[in-house]
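For reference, entry-v5.pdb (PDB, C-alpha atoms):
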```
ATOM      1  CA  MET A   1      14.472  17.284 -10.926  1.00  0.00           C
ATOM      2  CA  ALA A   2      14.358  13.780  -9.471  1.00  0.00           C
ATOM      3  CA  PHE A   3      11.540  11.246  -9.819  1.00  0.00           C
ATOM      4  CA  LEU A   4      10.686   8.547  -7.297  1.00  0.00           C
ATOM      5  CA  ARG A   5      10.716   5.271  -9.200  1.00  0.00           C
ATOM      6  CA  HIS A   6      11.567   2.584  -6.638  1.00  0.00           C
ATOM      7  CA  LEU A   7      10.514   1.545  -3.152  1.00  0.00           C
ATOM      8  CA  ALA A   8      11.599  -1.592  -1.282  1.00  0.00           C
ATOM      9  CA  LEU A   9       9.521  -3.114   1.488  1.00  0.00           C
ATOM     10  CA  ARG A  10      10.643  -5.796   3.940  1.00  0.00           C
ATOM     11  CA  CYS A  11       8.024  -8.527   4.280  1.00  0.00           C
ATOM     12  CA  GLN A  12       7.481 -11.390   6.711  1.00  0.00           C
ATOM     13  CA  ASP A  13       5.904 -13.432   3.906  1.00  0.00           C
ATOM     14  CA  VAL A  14       6.735 -12.188   0.409  1.00  0.00           C
ATOM     15  CA  ALA A  15       4.076 -14.411  -1.209  1.00  0.00           C
ATOM     16  CA  VAL A  16       1.293 -12.960   0.962  1.00  0.00           C
ATOM     17  CA  SER A  17       2.495  -9.399   0.412  1.00  0.00           C
ATOM     18  CA  ARG A  18       2.779 -10.023  -3.319  1.00  0.00           C
ATOM     19  CA  ARG A  19      -0.849 -11.172  -3.436  1.00  0.00           C
ATOM     20  CA  PHE A  20      -1.933  -8.091  -1.457  1.00  0.00           C
ATOM     21  CA  TYR A  21      -0.130  -5.652  -3.765  1.00  0.00           C
ATOM     22  CA  GLU A  22      -1.346  -7.439  -6.908  1.00  0.00           C
ATOM     23  CA  GLU A  23      -4.937  -8.294  -5.939  1.00  0.00           C
ATOM     24  CA  VAL A  24      -5.792  -5.358  -3.683  1.00  0.00           C
ATOM     25  CA  ILE A  25      -3.629  -2.468  -4.860  1.00  0.00           C
ATOM     26  CA  GLY A  26      -3.324  -3.472  -8.530  1.00  0.00           C
ATOM     27  CA  PHE A  27       0.420  -3.667  -9.176  1.00  0.00           C
ATOM     28  CA  ASP A  28       1.736  -6.063 -11.817  1.00  0.00           C
ATOM     29  CA  PHE A  29       4.266  -8.810 -11.122  1.00  0.00           C
ATOM     30  CA  ILE A  30       7.488  -8.102 -13.043  1.00  0.00           C
ATOM     31  CA  GLY A  31       9.799 -10.865 -11.884  1.00  0.00           C
ATOM     32  CA  ARG A  32      11.927 -12.372  -9.155  1.00  0.00           C
ATOM     33  CA  ARG A  33      15.211 -10.967  -7.894  1.00  0.00           C
ATOM     34  CA  GLY A  34      18.478 -12.568  -6.849  1.00  0.00           C
ATOM     35  CA  ASN A  35      17.894 -15.982  -5.336  1.00  0.00           C
ATOM     36  CA  GLY A  36      14.179 -15.740  -6.168  1.00  0.00           C
ATOM     37  CA  GLU A  37      12.933 -14.801  -2.702  1.00  0.00           C
ATOM     38  CA  ALA A  38      12.425 -11.109  -3.542  1.00  0.00           C
ATOM     39  CA  VAL A  39       9.939  -9.951  -6.168  1.00  0.00           C
ATOM     40  CA  ASP A  40       9.482  -6.840  -8.269  1.00  0.00           C
ATOM     41  CA  LEU A  41       6.071  -5.290  -8.853  1.00  0.00           C
ATOM     42  CA  SER A  42       5.219  -2.175 -10.828  1.00  0.00           C
ATOM     43  CA  ASP A  43       2.436   0.202 -11.785  1.00  0.00           C
ATOM     44  CA  GLY A  44       4.287   1.054 -14.998  1.00  0.00           C
ATOM     45  CA  THR A  45       5.979   4.090 -13.460  1.00  0.00           C
ATOM     46  CA  ALA A  46       7.297   3.000 -10.058  1.00  0.00           C
ATOM     47  CA  ASN A  47       8.895  -0.275  -9.028  1.00  0.00           C
ATOM     48  CA  ILE A  48       8.230  -1.885  -5.654  1.00  0.00           C
ATOM     49  CA  THR A  49      10.518  -4.665  -4.537  1.00  0.00           C
ATOM     50  CA  LEU A  50       9.266  -6.970  -1.812  1.00  0.00           C
ATOM     51  CA  LEU A  51      12.206  -8.290   0.207  1.00  0.00           C
ATOM     52  CA  PRO A  52      12.029 -11.063   2.793  1.00  0.00           C
ATOM     53  CA  HIS A  53      12.975 -10.438   6.391  1.00  0.00           C
ATOM     54  CA  ASP A  54      13.014 -12.948   9.171  1.00  0.00           C
ATOM     55  CA  ASP A  55      12.839 -10.687  12.226  1.00  0.00           C
ATOM     56  CA  PRO A  56       9.625 -11.726  13.999  1.00  0.00           C
ATOM     57  CA  SER A  57      10.370  -9.202  16.746  1.00  0.00           C
ATOM     58  CA  ARG A  58       9.678  -6.224  14.463  1.00  0.00           C
ATOM     59  CA  PRO A  59       6.617  -4.681  16.088  1.00  0.00           C
ATOM     60  CA  THR A  60       3.581  -3.435  14.200  1.00  0.00           C
ATOM     61  CA  LEU A  61       3.261   0.233  15.045  1.00  0.00           C
ATOM     62  CA  GLU A  62       0.193   2.439  15.182  1.00  0.00           C
ATOM     63  CA  GLU A  63      -0.589   4.681  12.215  1.00  0.00           C
ATOM     64  CA  GLY A  64       1.422   7.860  12.643  1.00  0.00           C
ATOM     65  CA  GLU A  65       4.281   5.910  14.251  1.00  0.00           C
ATOM     66  CA  GLU A  66       4.796   3.348  11.456  1.00  0.00           C
ATOM     67  CA  TYR A  67       8.142   2.620   9.814  1.00  0.00           C
ATOM     68  CA  ILE A  68       6.885   3.630   6.388  1.00  0.00           C
ATOM     69  CA  HIS A  69       3.760   4.702   4.642  1.00  0.00           C
ATOM     70  CA  PHE A  70       3.149   5.687   1.063  1.00  0.00           C
ATOM     71  CA  GLY A  71       0.258   6.564  -1.192  1.00  0.00           C
ATOM     72  CA  VAL A  72      -1.258   5.205  -4.373  1.00  0.00           C
ATOM     73  CA  LEU A  73      -3.737   6.834  -6.717  1.00  0.00           C
ATOM     74  CA  VAL A  74      -6.544   4.612  -7.984  1.00  0.00           C
ATOM     75  CA  ASP A  75      -9.073   5.134 -10.766  1.00  0.00           C
ATOM     76  CA  ASP A  76     -11.959   3.666  -8.758  1.00  0.00           C
ATOM     77  CA  LEU A  77     -11.789   4.348  -5.020  1.00  0.00           C
ATOM     78  CA  HIS A  78     -14.917   2.357  -4.179  1.00  0.00           C
ATOM     79  CA  ALA A  79     -13.630  -0.726  -6.023  1.00  0.00           C
ATOM     80  CA  ALA A  80     -10.306  -0.398  -4.160  1.00  0.00           C
ATOM     81  CA  TRP A  81     -12.221  -0.065  -0.875  1.00  0.00           C
ATOM     82  CA  HIS A  82     -14.115  -3.283  -1.572  1.00  0.00           C
ATOM     83  CA  ARG A  83     -10.910  -5.133  -2.528  1.00  0.00           C
ATOM     84  CA  VAL A  84      -9.302  -4.027   0.760  1.00  0.00           C
ATOM     85  CA  ARG A  85     -12.382  -5.098   2.747  1.00  0.00           C
ATOM     86  CA  ASN A  86     -12.678  -8.436   0.893  1.00  0.00           C
ATOM     87  CA  TRP A  87      -8.999  -9.149   1.497  1.00  0.00           C
ATOM     88  CA  GLY A  88      -9.578  -8.599   5.213  1.00  0.00           C
ATOM     89  CA  ALA A  89      -7.069  -5.775   5.474  1.00  0.00           C
ATOM     90  CA  GLU A  90      -7.766  -3.088   8.002  1.00  0.00           C
ATOM     91  CA  ALA A  91      -8.778   0.329   6.631  1.00  0.00           C
ATOM     92  CA  PRO A  92      -9.157   2.364   9.784  1.00  0.00           C
ATOM     93  CA  LYS A  93      -9.047   6.033   8.780  1.00  0.00           C
ATOM     94  CA  THR A  94      -9.399   8.674   6.119  1.00  0.00           C
ATOM     95  CA  VAL A  95      -6.161  10.166   4.781  1.00  0.00           C
ATOM     96  CA  LYS A  96      -6.968  13.800   5.473  1.00  0.00           C
ATOM     97  CA  GLY A  97      -8.132  14.366   9.031  1.00  0.00           C
ATOM     98  CA  ARG A  98      -7.502  10.742   9.987  1.00  0.00           C
ATOM     99  CA  ASP A  99     -11.195  10.280  10.744  1.00  0.00           C
ATOM    100  CA  ALA A 100     -12.502   6.830  11.615  1.00  0.00           C
ATOM    101  CA  ILE A 101     -14.211   5.019   8.741  1.00  0.00           C
ATOM    102  CA  SER A 102     -17.350   2.930   8.909  1.00  0.00           C
ATOM    103  CA  SER A 103     -16.623  -0.600   7.755  1.00  0.00           C
ATOM    104  CA  GLU A 104     -19.828  -0.504   5.712  1.00  0.00           C
ATOM    105  CA  THR A 105     -19.507   2.801   3.829  1.00  0.00           C
ATOM    106  CA  PRO A 106     -16.716   3.490   1.321  1.00  0.00           C
ATOM    107  CA  PRO A 107     -14.941   6.805   1.926  1.00  0.00           C
ATOM    108  CA  GLU A 108     -15.508   9.594  -0.587  1.00  0.00           C
ATOM    109  CA  ILE A 109     -11.907  10.697  -1.299  1.00  0.00           C
ATOM    110  CA  ALA A 110      -9.206   8.544   0.290  1.00  0.00           C
ATOM    111  CA  PHE A 111      -8.451   6.060   3.058  1.00  0.00           C
ATOM    112  CA  LYS A 112      -5.567   4.382   4.817  1.00  0.00           C
ATOM    113  CA  ALA A 113      -5.113   0.616   4.527  1.00  0.00           C
ATOM    114  CA  ILE A 114      -2.721  -1.598   6.427  1.00  0.00           C
ATOM    115  CA  ASP A 115      -0.709  -4.114   4.396  1.00  0.00           C
ATOM    116  CA  PRO A 116       0.193  -7.617   5.684  1.00  0.00           C
ATOM    117  CA  ASP A 117       3.368  -6.244   7.305  1.00  0.00           C
ATOM    118  CA  GLY A 118       1.752  -3.301   9.066  1.00  0.00           C
ATOM    119  CA  ASN A 119       2.814  -0.696   6.504  1.00  0.00           C
ATOM    120  CA  ILE A 120       0.285   2.057   5.870  1.00  0.00           C
ATOM    121  CA  VAL A 121      -0.897   2.568   2.290  1.00  0.00           C
ATOM    122  CA  ASP A 122      -2.817   5.772   1.586  1.00  0.00           C
ATOM    123  CA  ILE A 123      -5.293   4.941  -1.181  1.00  0.00           C
ATOM    124  CA  SER A 124      -6.802   7.928  -2.950  1.00  0.00           C
ATOM    125  CA  GLY A 125      -9.098   8.624  -5.860  1.00  0.00           C
ATOM    126  CA  ASP A 126      -8.228  12.339  -5.731  1.00  0.00           C
ATOM    127  CA  ARG A 127      -5.631  13.395  -8.305  1.00  0.00           C
ATOM    128  CA  ASP A 128      -4.831  16.400  -6.080  1.00  0.00           C
ATOM    129  CA  GLU A 129      -4.226  14.310  -2.938  1.00  0.00           C
ATOM    130  CA  TRP A 130      -0.490  14.988  -2.720  1.00  0.00           C
ATOM    131  CA  ARG A 131       0.922  18.475  -3.194  1.00  0.00           C
ATOM    132  CA  GLY A 132       3.274  18.946  -6.116  1.00  0.00           C
ATOM    133  CA  VAL A 133       2.278  15.720  -7.881  1.00  0.00           C
ATOM    134  CA  LYS A 134       1.457  15.930 -11.578  1.00  0.00           C
ATOM    135  CA  ILE A 135      -0.485  13.105 -13.160  1.00  0.00           C
TER     136      ILE A 135
END
```
Same coordinates, now as structure tokens:
Amino acid sequence: MAFLRHLALRCQDVAVSRRFYEEVIGFDFIGRRGNGEAVDLSDGTANITLLPHDDPSRPTLEEGEEYIHFGVLVDDLHAAWHRVRNWGAEAPKTVKGRDAISSETPPEIAFKAIDPDGNIVDISGDRDEWRGVKI
């Protein structure tokens, strides 16, 4: 058996992405890497490293065509929804069914949010959201 414990994301602005993943998603800052430009964040189980990239030509792709997307489980979906909305991040669809979401009404189970680099983050309050996952 293998366990996913690390994910690295390339970021146009590591400081902005760090704030998003700390303030909106809820990861903790662990430390800087290498020359100090990259940072490690964690939820206590998985590590996310934010790495700088300086390719302004990397396009932002539509959901379903994105370079990467991943999911996080939250204890309070409505609080996460409000943090995403207050941050100004786009939260365009539900996770299952990909239905459009009203900007005024928090979704009941899960939603997709777009991080500062155009990566899709599935945010769910449902412990059964992803098949085969044990909490």
Practice prompt. Using the chain letters and numbering of this document, enumerate as a ChimeraX atom specification the residues selected by the PyMOL selection byres ((chain A and resi 126) around 9).
Written response: /A:73-75,77,109-110,124-125,127-130
Practice prompt. Determine the nearest neighbour of Tyr21 in chain A from the options A:Asp40, A:Ile68, A:Phe111, A:Arg85, counting only C-alpha atoms.
Written response: A:Asp40
Residues returned when the PyMOL selection byres ((chain A and resi 6-12) around 10) runs on this file, as a short mmCIF file (atom, residue, chain, number, x, y, z; two decimals) with C-alpha atoms, keeping the file's coordinate frame:
```
data_model
loop_
_atom_site.label_atom_id
_atom_site.label_comp_id
_atom_site.auth_asym_id
_atom_site.auth_seq_id
_atom_site.Cartn_x
_atom_site.Cartn_y
_atom_site.Cartn_z
CA PHE A 3 11.54 11.25 -9.82
CA LEU A 4 10.69 8.55 -7.30
CA ARG A 5 10.72 5.27 -9.20
CA ASP A 13 5.90 -13.43 3.91
CA VAL A 14 6.74 -12.19 0.41
CA ALA A 15 4.08 -14.41 -1.21
CA VAL A 16 1.29 -12.96 0.96
CA SER A 17 2.50 -9.40 0.41
CA ARG A 18 2.78 -10.02 -3.32
CA ALA A 38 12.42 -11.11 -3.54
CA VAL A 39 9.94 -9.95 -6.17
CA ASP A 40 9.48 -6.84 -8.27
CA LEU A 41 6.07 -5.29 -8.85
CA SER A 42 5.22 -2.17 -10.83
CA THR A 45 5.98 4.09 -13.46
CA ALA A 46 7.30 3.00 -10.06
CA ASN A 47 8.90 -0.28 -9.03
CA ILE A 48 8.23 -1.88 -5.65
CA THR A 49 10.52 -4.66 -4.54
CA LEU A 50 9.27 -6.97 -1.81
CA LEU A 51 12.21 -8.29 0.21
CA PRO A 52 12.03 -11.06 2.79
CA HIS A 53 12.98 -10.44 6.39
CA ASP A 54 13.01 -12.95 9.17
CA ASP A 55 12.84 -10.69 12.23
CA PRO A 56 9.62 -11.73 14.00
CA ARG A 58 9.68 -6.22 14.46
CA ILE A 68 6.88 3.63 6.39
CA PHE A 70 3.15 5.69 1.06
CA ASP A 115 -0.71 -4.11 4.40
CA PRO A 116 0.19 -7.62 5.68
CA ASP A 117 3.37 -6.24 7.30
CA GLY A 118 1.75 -3.30 9.07
CA ASN A 119 2.81 -0.70 6.50
#
```
Discussion item. Given the PyMOL selection byres ((chain A and resi 87) around 12) and the file above, list the residues it selects as an NGL selection string.
Written reply: :A and (16-17 or 19-25 or 80-86 or 88-91 or 113-116)
Worksheet item: Can you tell me how far CA of Phe27 in chain A sits from CA of Asp43 in chain A, in Å to one decimal?
Response: 5.1 Å
Can you sort out the box for range 82-91 of chain A, edges along x, y and z, all listed atoms in, 3 Å on every side, with centre and edge lengths in Å to one decimal, as lines of an AutoDock Vina configuration file?
```
center_x = -10.6
center_y = -4.4
center_z = 2.7
size_x = 13.0
size_y = 15.5
size_z = 16.5
```
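One distance worth recording is that between CA of Val133 in chain A and CA of Arg33 in chain A, which is 29.7 Å.
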